[in-house]
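Q: One file: protein.txt (compact mmCIF, C-alpha atoms).
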# COMPACT_ATOMS: atom_id res chain seq x y z
CA MET A 27 90.10 109.46 160.86
CA ASP A 28 87.23 111.87 160.94
CA GLU A 29 88.18 114.25 158.19
CA PHE A 30 89.54 114.07 154.71
CA ASN A 31 93.02 115.52 154.72
CA ASP A 32 95.14 116.31 151.67
CA ASN A 33 96.50 112.79 151.49
CA GLU A 34 93.05 111.30 151.60
CA ILE A 35 91.88 113.63 148.88
CA ALA A 36 94.86 112.73 146.76
CA ARG A 37 94.28 109.02 147.37
CA LEU A 38 90.62 109.28 146.43
CA LEU A 39 91.35 111.26 143.31
CA ARG A 40 93.96 108.76 142.21
CA LEU A 41 91.19 106.17 142.19
CA LYS A 42 89.72 107.99 139.24
CA ARG A 43 92.61 106.69 137.16
CA PHE A 44 90.78 103.39 137.11
CA GLU A 45 87.82 104.85 135.32
CA GLN A 46 88.24 103.58 131.82
CA PRO A 47 86.18 103.65 128.63
CA PRO A 48 84.32 100.51 127.48
CA PRO A 49 86.52 97.57 126.43
CA GLY A 50 87.82 97.86 122.90
CA TYR A 51 87.44 101.61 122.87
CA PHE A 52 91.13 102.39 122.32
CA GLU A 53 91.39 99.73 119.63
CA ASN A 54 88.55 101.29 117.66
CA PHE A 55 89.50 104.89 118.33
CA LEU A 56 91.98 105.11 115.45
CA HIS A 57 89.49 103.65 112.97
CA GLU A 58 86.90 106.13 114.16
CA PHE A 59 89.46 108.92 113.78
CA HIS A 60 90.19 107.92 110.18
CA ARG A 61 86.48 107.68 109.38
CA ARG A 62 85.86 111.16 110.76
CA GLN A 63 88.81 112.54 108.84
CA ARG A 64 87.41 111.14 105.60
CA ASP A 65 83.94 112.48 106.34
CA GLU A 66 85.37 115.88 107.10
CA LEU A 67 87.36 115.81 103.89
CA LEU A 68 84.28 114.99 101.83
CA ARG A 69 82.37 117.87 103.35
CA GLN A 70 85.00 120.38 102.29
CA PRO A 71 84.55 122.33 99.02
CA LEU A 72 86.73 121.30 96.08
CA TRP A 73 88.76 124.51 96.02
CA ARG A 74 89.73 124.05 99.62
CA ILE A 75 90.86 120.50 99.03
CA CYS A 76 92.96 121.65 96.07
CA LEU A 77 94.43 124.45 98.14
CA GLU A 78 95.38 122.09 100.94
CA ARG A 79 96.89 119.60 98.50
CA ALA A 80 98.94 122.36 96.91
CA HIS A 81 100.04 123.53 100.32
CA ASP A 82 101.03 120.01 101.27
CA PHE A 83 102.94 119.61 98.03
CA MET A 84 104.84 122.85 98.52
CA PHE A 85 105.56 122.00 102.12
CA ARG A 86 106.85 118.57 101.13
CA LEU A 87 109.10 120.07 98.47
CA ASP A 88 110.49 122.55 100.95
CA VAL A 89 110.42 125.49 98.56
CA ARG A 90 112.77 127.58 100.64
CA SER A 91 115.61 125.14 100.27
CA LEU A 92 114.84 124.58 96.61
CA ALA A 93 114.98 128.31 95.93
CA SER A 94 118.72 128.25 96.62
CA TYR A 95 119.39 126.01 93.60
CA PRO A 96 118.07 128.44 90.95
CA ALA A 97 119.94 131.22 92.71
CA ALA A 98 123.17 129.23 92.60
CA VAL A 99 122.67 128.33 88.93
CA ALA A 100 121.95 131.96 88.06
CA ALA A 101 125.09 133.07 89.89
CA VAL A 102 127.20 130.52 88.00
CA LEU A 103 125.72 131.62 84.67
CA VAL A 104 126.41 135.29 85.41
CA CYS A 105 130.00 134.51 86.39
CA ALA A 106 130.48 132.45 83.24
CA ALA A 107 129.07 135.24 81.08
CA VAL A 108 131.34 137.86 82.65
CA ILE A 109 134.44 135.69 82.30
CA SER A 110 133.70 134.79 78.69
CA LEU A 111 133.15 138.46 77.79
CA LYS A 112 136.49 139.39 79.31
CA ILE A 113 138.25 136.61 77.45
CA TYR A 114 136.82 137.57 74.03
CA GLN A 115 137.50 141.25 74.55
CA GLN A 116 141.26 140.79 75.13
CA PRO A 117 143.38 141.91 72.05
CA GLU A 118 145.58 139.37 70.34
CA PRO A 119 148.65 141.24 69.07
CA ALA A 120 150.25 138.33 67.26
CA GLN A 121 147.19 137.65 65.12
CA ILE A 122 146.75 141.30 64.28
CA ALA A 123 150.30 141.46 63.12
CA LEU A 124 149.79 138.52 60.80
CA GLN A 125 146.46 139.55 59.35
CA SER A 126 147.12 143.21 58.80
CA PRO A 127 148.33 144.40 55.45
CA PRO A 128 152.00 145.18 55.24
CA THR A 129 152.68 148.83 55.60
CA LEU A 130 156.20 149.21 56.77
CA SER A 131 159.30 147.74 55.36
CA LEU A 132 162.08 149.77 56.84
CA PRO A 133 163.39 150.22 60.33
CA VAL A 134 162.58 153.48 61.89
CA ASN A 135 164.91 156.07 63.13
CA ASP A 136 164.21 158.34 66.03
CA GLU A 137 164.06 161.48 63.97
CA GLY A 138 161.24 163.59 62.78
CA GLU A 139 159.69 161.38 60.07
CA TRP A 140 156.94 160.38 62.51
CA THR A 141 155.48 163.72 63.13
CA LEU A 142 152.29 163.08 61.17
CA ALA A 143 151.44 159.83 62.94
CA SER A 144 149.50 159.72 66.11
CA PRO A 145 151.53 160.18 69.27
CA VAL A 146 150.31 156.94 70.73
CA ALA A 147 151.29 154.97 67.68
CA THR A 148 154.67 156.58 67.66
CA ARG A 149 155.27 155.79 71.29
CA ILE A 150 154.34 152.17 71.00
CA PHE A 151 156.17 151.77 67.82
CA ARG A 152 159.32 153.12 69.32
CA THR A 153 159.39 150.90 72.34
CA GLN A 154 159.48 147.47 70.82
CA PRO A 155 158.36 145.82 67.62
CA LEU A 156 155.57 143.29 67.97
CA ARG A 157 157.52 140.55 66.31
CA SER A 158 161.15 140.22 65.65
CA PHE A 159 162.46 139.77 62.20
CA ASP A 160 163.54 136.20 62.80
CA GLU A 161 160.14 135.15 64.02
CA SER A 162 158.44 136.66 61.01
CA ALA A 163 160.79 134.84 58.78
CA GLN A 164 159.90 131.57 60.38
CA THR A 165 156.14 131.99 60.21
CA HIS A 166 155.85 133.50 56.73
CA ARG A 167 156.29 131.54 53.60
CA ALA A 168 158.27 134.18 51.79
CA PRO A 169 160.89 136.15 53.59
CA ALA A 170 159.54 139.59 54.16
CA PRO A 171 160.72 142.62 56.01
CA PRO A 172 159.23 143.17 59.47
CA ARG A 173 155.91 144.97 59.58
CA TYR A 174 154.76 147.09 62.45
CA VAL A 175 151.09 147.74 62.88
CA LEU A 176 148.91 148.99 65.66
CA ASP A 177 145.19 148.27 65.92
CA SER A 178 144.97 147.36 62.27
CA VAL A 179 145.89 150.89 61.27
CA PRO A 180 148.70 150.89 58.81
CA VAL A 181 151.68 152.82 59.91
CA SER A 182 153.14 154.71 57.04
CA TYR A 183 155.38 157.58 56.19
CA GLU A 184 152.52 158.97 54.18
CA PRO A 185 150.49 161.67 55.84
CA THR A 186 147.11 160.56 57.15
CA PHE A 187 145.31 163.32 55.30
CA ARG A 188 145.40 164.43 51.67
CA PHE A 189 145.48 167.87 50.21
CA MET B 9 102.64 108.98 135.25
CA ASP B 10 105.93 109.07 133.38
CA GLN B 11 106.29 111.31 130.42
CA PRO B 12 106.88 109.54 127.13
CA ARG B 13 110.27 109.86 125.42
CA THR B 14 110.41 113.18 123.66
CA ASP B 15 112.99 112.17 121.06
CA GLU B 16 110.69 109.43 119.87
CA ASP B 17 107.85 111.92 119.68
CA GLN B 18 110.03 114.37 117.76
CA GLU B 19 110.81 111.74 115.18
CA LEU B 20 107.12 110.93 114.76
CA VAL B 21 106.29 114.62 114.52
CA LYS B 22 108.92 115.15 111.81
CA ARG B 23 107.61 112.22 109.84
CA THR B 24 104.07 113.56 110.16
CA GLN B 25 105.20 116.98 109.02
CA SER B 26 106.81 115.45 105.96
CA GLY B 27 103.51 113.79 105.05
CA ASP B 28 103.70 110.40 106.73
CA ALA B 29 100.18 109.96 108.12
CA SER B 30 101.05 106.63 109.74
CA ALA B 31 103.45 108.46 112.08
CA PHE B 32 100.57 110.54 113.36
CA ASP B 33 98.58 107.33 113.85
CA GLN B 34 101.30 106.17 116.20
CA LEU B 35 101.04 109.42 118.14
CA VAL B 36 97.28 108.96 118.35
CA ILE B 37 97.64 105.41 119.66
CA LYS B 38 100.26 106.53 122.15
CA TYR B 39 98.41 109.51 123.59
CA THR B 40 94.77 108.39 123.44
CA PRO B 41 94.66 106.64 126.86
CA ARG B 42 96.48 109.49 128.58
CA LEU B 43 94.33 112.21 127.03
CA TYR B 44 91.21 110.19 127.58
CA GLY B 45 91.81 110.30 131.32
CA LEU B 46 92.46 114.02 131.21
CA VAL B 47 89.37 114.90 129.19
CA TYR B 48 87.09 112.43 130.90
CA ASN B 49 87.93 113.74 134.35
CA MET B 50 87.20 117.26 133.17
CA THR B 51 83.89 116.40 131.50
CA SER B 52 82.74 113.33 133.51
CA ASN B 53 81.04 111.98 130.42
CA HIS B 54 82.25 109.23 128.13
CA GLU B 55 80.44 110.41 125.00
CA ASP B 56 81.58 113.97 125.36
CA THR B 57 85.08 112.70 126.00
CA ASN B 58 85.03 110.61 122.84
CA ASP B 59 83.82 113.51 120.68
CA LEU B 60 86.27 115.90 122.23
CA LEU B 61 89.16 113.51 121.85
CA GLN B 62 88.40 113.09 118.16
CA ASP B 63 88.30 116.86 117.74
CA ILE B 64 91.54 117.26 119.68
CA PHE B 65 93.47 114.88 117.45
CA SER B 66 91.86 116.34 114.35
CA LYS B 67 92.95 119.81 115.37
CA ALA B 68 96.42 118.57 116.27
CA TYR B 69 96.78 116.93 112.86
CA LYS B 70 95.87 120.15 111.10
CA ALA B 71 98.14 122.24 113.28
CA ILE B 72 101.13 119.94 113.47
CA ARG B 73 102.84 121.62 110.51
CA GLY B 74 103.03 124.75 112.62
CA PHE B 75 104.56 122.84 115.53
CA ARG B 76 108.15 124.07 115.77
CA GLY B 77 109.21 122.02 118.76
CA LYS B 78 109.60 124.89 121.21
CA SER B 79 107.85 122.67 123.72
CA SER B 80 107.60 118.90 123.74
CA PHE B 81 104.81 117.23 121.81
CA TYR B 82 103.54 115.97 125.15
CA THR B 83 103.07 119.54 126.41
CA TRP B 84 101.71 120.72 123.09
CA ILE B 85 99.02 118.04 122.74
CA HIS B 86 98.03 118.42 126.38
CA SER B 87 97.66 122.18 125.88
CA ILE B 88 95.32 121.58 122.98
CA ALA B 89 93.35 119.03 124.99
CA VAL B 90 92.99 121.27 128.05
CA ASN B 91 92.07 124.37 126.05
CA MET B 92 89.50 122.53 123.95
CA SER B 93 88.04 120.90 127.04
CA LEU B 94 87.76 124.25 128.81
CA ASN B 95 86.06 125.79 125.75
CA PHE B 96 83.70 122.85 125.58
CA LEU B 97 82.82 123.16 129.25
CA LYS B 98 82.11 126.86 128.86
CA LYS B 99 79.72 126.13 126.01
CA ARG B 100 78.09 123.32 127.90
CA GLY B 101 77.73 125.55 130.95
CA ARG B 102 75.99 124.40 134.01
CA ARG B 103 73.26 122.54 132.14
CA PHE B 104 75.24 119.36 132.59
CA GLN B 105 73.92 116.95 135.19
CA LEU B 106 75.78 113.87 136.26
CA SER B 107 73.87 110.72 135.49
CA LEU B 108 74.35 107.29 136.96
CA ASP B 109 75.48 106.14 133.55
CA ASP B 110 78.63 108.10 134.10
CA VAL B 111 79.61 105.96 137.02
CA ASP B 112 81.91 103.21 135.86
CA ALA B 113 80.69 99.95 137.36
CA SER B 114 83.68 97.96 136.21
CA ILE B 115 86.01 99.90 138.45
CA GLN B 116 84.66 98.14 141.54
CA ASN B 117 86.03 94.84 140.33
CA ASP B 118 89.49 96.24 139.89
CA LYS B 119 91.91 94.64 142.35
CA GLU B 120 94.10 97.69 142.71
CA PHE B 121 91.07 99.84 143.26
CA MET B 122 89.82 97.54 146.00
CA GLU B 123 93.16 97.60 147.75
CA ALA B 124 93.36 101.37 147.53
CA THR B 125 89.90 101.94 148.92
CA ALA B 126 90.36 99.37 151.72
CA THR B 127 93.12 101.45 153.28
CA SER B 128 91.06 104.60 153.50
CA SER B 129 88.86 104.86 156.56
CA PRO B 130 86.31 107.37 155.25
CA VAL B 131 86.08 105.41 152.05
CA ARG B 132 85.57 102.16 153.89
CA GLU B 133 82.39 103.53 155.38
CA ALA B 134 80.93 104.40 152.04
CA ASP B 135 79.60 102.40 149.20
CA LEU B 136 82.14 102.36 146.42
CA SER B 137 79.70 103.24 143.73
CA GLU B 138 78.30 106.06 145.77
CA LEU B 139 81.78 107.28 146.58
CA GLN B 140 82.67 107.34 142.92
CA ARG B 141 79.58 109.32 142.16
CA ARG B 142 80.35 111.75 144.96
CA LEU B 143 83.85 112.16 143.72
CA ASN B 144 82.59 113.07 140.28
CA GLU B 145 80.08 115.46 141.77
CA ALA B 146 82.73 117.08 143.90
CA MET B 147 84.95 117.48 140.89
CA MET B 148 82.16 119.00 138.85
CA LYS B 149 81.51 121.56 141.57
CA LEU B 150 84.97 122.94 141.06
CA SER B 151 85.51 125.64 138.50
CA ASP B 152 86.79 124.42 135.14
CA GLU B 153 90.26 125.84 135.74
CA HIS B 154 90.55 124.29 139.20
CA ARG B 155 89.28 120.97 137.91
CA ALA B 156 91.89 121.02 135.18
CA VAL B 157 94.66 121.52 137.73
CA VAL B 158 93.31 118.82 140.03
CA THR B 159 92.96 116.39 137.15
CA MET B 160 96.48 116.95 135.91
CA PHE B 161 98.12 116.88 139.34
CA HIS B 162 96.20 114.29 141.33
CA ILE B 163 94.83 112.01 138.64
CA GLN B 164 97.38 112.32 135.85
CA GLY B 165 100.29 112.73 138.24
CA MET B 166 101.92 115.64 136.42
CA PRO B 167 104.43 117.87 138.22
CA HIS B 168 103.62 121.51 138.90
CA ALA B 169 106.12 122.72 136.30
CA GLU B 170 104.53 120.67 133.53
CA ILE B 171 101.05 121.88 134.45
CA SER B 172 102.25 125.48 134.40
CA LYS B 173 103.63 124.98 130.89
CA ILE B 174 100.41 123.40 129.66
CA LEU B 175 98.18 126.09 131.15
CA ARG B 176 100.72 128.87 130.49
CA VAL B 177 100.49 130.16 134.01
CA SER B 178 103.10 130.40 136.73
CA GLU B 179 103.88 127.52 139.05
CA GLY B 180 102.63 129.69 141.90
CA THR B 181 99.27 129.96 140.22
CA VAL B 182 99.16 126.20 139.80
CA ARG B 183 99.95 125.64 143.48
CA SER B 184 97.40 128.25 144.51
CA ARG B 185 94.66 126.69 142.41
CA LEU B 186 95.54 123.28 143.74
CA PHE B 187 95.39 124.41 147.34
CA TYR B 188 92.02 126.08 146.84
CA ALA B 189 90.61 123.08 144.97
CA ASN B 190 91.78 120.69 147.70
CA ARG B 191 89.99 122.76 150.34
CA GLN B 192 86.80 122.69 148.32
CA LEU B 193 86.99 118.96 147.73
CA GLN B 194 87.60 118.38 151.44
CA ASN B 195 84.47 120.31 152.28
CA TYR B 196 82.34 118.39 149.79
CA LEU B 197 83.61 115.00 150.87
CA ASP B 198 83.40 115.80 154.59
CA GLU B 199 79.80 116.70 154.07
CA PHE B 200 79.24 113.40 152.35
CA ARG B 201 80.91 111.52 155.22
CA LYS B 202 78.74 113.28 157.78
CA ASN B 203 75.55 112.86 155.75
CA PRO B 204 76.08 109.82 153.51
CA VAL B 205 72.46 109.61 152.35
CA SER B 206 72.10 113.22 151.31
Let me see the file written as C-alpha cells.
A:
Amino acid sequence: MDEFNDNEIARLLRLKRFEQPPPGYFENFLHEFHRRQRDELLRQPLWRICLERAHDFMFRLDVRSLASYPAAVAAVLVCAAVISLKIYQQPEPAQIALQSPPTLSLPVNDEGEWTLASPVATRIFRTQPLRSFDESAQTHRAPAPPRYVLDSVPVSYEPTFRF
Amino acid sequence: MDQPRTDEDQELVKRTQSGDASAFDQLVIKYTPRLYGLVYNMTSNHEDTNDLLQDIFSKAYKAIRGFRGKSSFYTWIHSIAVNMSLNFLKKRGRRFQLSLDDVDASIQNDKEFMEATATSSPVREADLSELQRRLNEAMMKLSDEHRAVVTMFHIQGMPHAEISKILRVSEGTVRSRLFYANRQLQNYLDEFRKNPVS
C-alpha cells in the first residue's frame, strides 16, 4: 500500500486513543478539582460568597413552589371572612320578636287603621305573623297576646308623628 | 465509544442541582477520561489539558443550575469542553510548538497498540514514536474546527449527529469538515512516508 487512504487515516487516528495521562492522574483529578474549587472560593469577595449562598438557599427552597402556599392560605382566609360576614349579617326574626318591646296586643283587621304606618310594614304585617299565638304561649312565662314587630320598630295604632 | 446512560446522568444532575456536591463528583469521575481524550487531542499537551479540564468542570459546576435537560448531559458537557478548548487554542495561537515531551512513550508498550500498528503497512515502515509525533503534528496543522471534528469522529468514535449537536452545526457541515480534514491528513502523512527523515 503506497498511500494512506481513509481507512488508514482512521486506523492511525484511533491509535491516539491509547495516549493516556500519567498513571494515577484520574485518581488525583477529583482531589485537585476540590482543591481548586476551595482556592477559587477563598479568592472571591465576601459579598459574592454571601450572594451565592443566598442564591443556593433560595434555589434549594424552590421559592416558586413555596409561593403557592401563602397564596392558598390567603385565598382560604378571604373566603372565610366573606362567609362569616354573610352569616352575621343575616337577620334573625325569631330573636327580634322575643327581644322587642310589646307593641301590639290585638289582631288586625284589613281596614284603614294602618294608614299611618309605613307601607312596607303594613304589607309584611298583613301576610303572616312572625310567631303564632300558641308558640308565644309556650316560650313566654306569662301568657301574653301575640306581638308583631318589624325591624325593632314598634307597630302601633298611634301615629308616628306628634302634633 | 458508547454513550453513557442518560437517565443515570439526569439523576446525578438533579441531585447536583438540589445541592448534592457528591453527585457532581460522580459526574466528574465518569467524564474525566472521555473529556481528557477530547481535550488532549485538540491541544496535544498534557499540562494544558489538565488545566483546561479543571476549568471545564468548574464552569460546568457553576452552570449546571441553568441546565434544563434540553440536551443530554453528555452533549452539554462535551459542548462546554469543545468551546473552551477552541477558545483556548485561539488565545494560544500558533505560538505552540510540539515538544518531544508530548509524545507518550508508554503507548508503545501497549499490546493493542502494537497489534493495530502491525497491520498497517505504512505504519510498519515507520518508527512508532516518530509516527506518533507525526500524527500529532499532522493534527496540529489542521484548523481548530477541523481538528475538533476529527478528534470527535475518529478518536472519540462519536457519530455525525452527536458531533453536529455538540458543535451546533449541521450534519452536512460535519461531514464536509471531516472530508477536508481527511484529505489534509493524507497529504501530511504521505509526505512523511515518502520522506521519513524530514
Q: Taking only C-alpha atoms into account, produce a table as JSON lines in which each residue of chain B with an atom at most 6 Å from an atom of chain A appears once, together with its shortest atom pair and the distance in Å to one decimal, ordered by chain and rising number.
A:
{"residue": "B:Ser26", "atom": "CA", "partner": "A:Arg86", "partner_atom": "CA", "distance": 5.8}
{"residue": "B:His162", "atom": "CA", "partner": "A:Ala36", "partner_atom": "CA", "distance": 5.8}
{"residue": "B:Ile163", "atom": "CA", "partner": "A:Arg40", "partner_atom": "CA", "distance": 4.9}
{"residue": "B:Gln194", "atom": "CA", "partner": "A:Phe30", "partner_atom": "CA", "distance": 5.7}
Q: Quick one: write out the picked residues with C-alpha atoms as a PDB file, in the coordinates of the input?
A:
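After the write, out14.pdb holds the following:
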ATOM      1  CA  SER B  26     106.810 115.450 105.960  1.00  0.00           C
ATOM      2  CA  HIS B 162      96.200 114.290 141.330  1.00  0.00           C
ATOM      3  CA  ILE B 163      94.830 112.010 138.640  1.00  0.00           C
ATOM      4  CA  GLN B 194      87.600 118.380 151.440  1.00  0.00           C
TER       5      GLN B 194
END
Q: What is the atom CA of B:Gly77 to atom CA of B:Gln62 distance in Å?
A: 22.7 Å
Q: I need every residue sitting at most 12 Å from the point (102.2, 111.8, 133.4) (coordinates as in the file, all atoms listed in the file considered), written as a PDB file with C-alpha atoms, in the frame of the given file.
A:
ATOM      1  CA  ARG A  43      92.610 106.690 137.160  1.00  0.00           C
TER       2      ARG A  43
ATOM      3  CA  MET B   9     102.640 108.980 135.250  1.00  0.00           C
ATOM      4  CA  ASP B  10     105.930 109.070 133.380  1.00  0.00           C
ATOM      5  CA  GLN B  11     106.290 111.310 130.420  1.00  0.00           C
ATOM      6  CA  PRO B  12     106.880 109.540 127.130  1.00  0.00           C
ATOM      7  CA  ARG B  13     110.270 109.860 125.420  1.00  0.00           C
ATOM      8  CA  TYR B  39      98.410 109.510 123.590  1.00  0.00           C
ATOM      9  CA  PRO B  41      94.660 106.640 126.860  1.00  0.00           C
ATOM     10  CA  ARG B  42      96.480 109.490 128.580  1.00  0.00           C
ATOM     11  CA  LEU B  43      94.330 112.210 127.030  1.00  0.00           C
ATOM     12  CA  GLY B  45      91.810 110.300 131.320  1.00  0.00           C
ATOM     13  CA  LEU B  46      92.460 114.020 131.210  1.00  0.00           C
ATOM     14  CA  TYR B  82     103.540 115.970 125.150  1.00  0.00           C
ATOM     15  CA  THR B  83     103.070 119.540 126.410  1.00  0.00           C
ATOM     16  CA  HIS B  86      98.030 118.420 126.380  1.00  0.00           C
ATOM     17  CA  THR B 159      92.960 116.390 137.150  1.00  0.00           C
ATOM     18  CA  MET B 160      96.480 116.950 135.910  1.00  0.00           C
ATOM     19  CA  PHE B 161      98.120 116.880 139.340  1.00  0.00           C
ATOM     20  CA  HIS B 162      96.200 114.290 141.330  1.00  0.00           C
ATOM     21  CA  ILE B 163      94.830 112.010 138.640  1.00  0.00           C
ATOM     22  CA  GLN B 164      97.380 112.320 135.850  1.00  0.00           C
ATOM     23  CA  GLY B 165     100.290 112.730 138.240  1.00  0.00           C
ATOM     24  CA  MET B 166     101.920 115.640 136.420  1.00  0.00           C
ATOM     25  CA  PRO B 167     104.430 117.870 138.220  1.00  0.00           C
ATOM     26  CA  HIS B 168     103.620 121.510 138.900  1.00  0.00           C
ATOM     27  CA  ALA B 169     106.120 122.720 136.300  1.00  0.00           C
ATOM     28  CA  GLU B 170     104.530 120.670 133.530  1.00  0.00           C
ATOM     29  CA  ILE B 171     101.050 121.880 134.450  1.00  0.00           C
TER      30      ILE B 171
END
Q: How far is it from atom CA of B:Leu150 to atom CA of B:Gly101, in Å with one decimal?
A: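 For atom CA of B:Leu150 relative to atom CA of B:Gly101, the distance reads 12.7 Å.
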Q: What is the atom CA of B:Lys202 to atom CA of B:Arg185 distance in Å?
A: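 Atom-to-atom, atom CA of B:Lys202 to atom CA of B:Arg185, that is 25.9 Å.
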Q: List the neighbours of stretch 173-178 of chain B out to 9 Å using only C-alpha atoms; skip same-chain residues closer than 6 positions along the sequence, and give me the result as a count of residues only.
A: 10
Q: Could you list as JSON, numbers by chain every residue that has an atom within 9 Å of (84.3, 109.3, 140.7), using the file's coordinates and counting all atoms listed in the file?
A: {"A": [38, 39, 41, 42, 45], "B": [49, 52, 110, 111, 112, 137, 138, 139, 140, 141, 142, 143, 144, 145, 146, 147]}
Q: Just C-alpha atoms for this one: save the residues we selected as a CSV table (one decimal), in the frame of the given file.
A:
chain,number,residue,atom,x,y,z
A,38,LEU,CA,90.6,109.3,146.4
A,39,LEU,CA,91.4,111.3,143.3
A,41,LEU,CA,91.2,106.2,142.2
A,42,LYS,CA,89.7,108.0,139.2
A,45,GLU,CA,87.8,104.8,135.3
B,49,ASN,CA,87.9,113.7,134.4
B,52,SER,CA,82.7,113.3,133.5
B,110,ASP,CA,78.6,108.1,134.1
B,111,VAL,CA,79.6,106.0,137.0
B,112,ASP,CA,81.9,103.2,135.9
B,137,SER,CA,79.7,103.2,143.7
B,138,GLU,CA,78.3,106.1,145.8
B,139,LEU,CA,81.8,107.3,146.6
B,140,GLN,CA,82.7,107.3,142.9
B,141,ARG,CA,79.6,109.3,142.2
B,142,ARG,CA,80.4,111.8,145.0
B,143,LEU,CA,83.8,112.2,143.7
B,144,ASN,CA,82.6,113.1,140.3
B,145,GLU,CA,80.1,115.5,141.8
B,146,ALA,CA,82.7,117.1,143.9
B,147,MET,CA,85.0,117.5,140.9
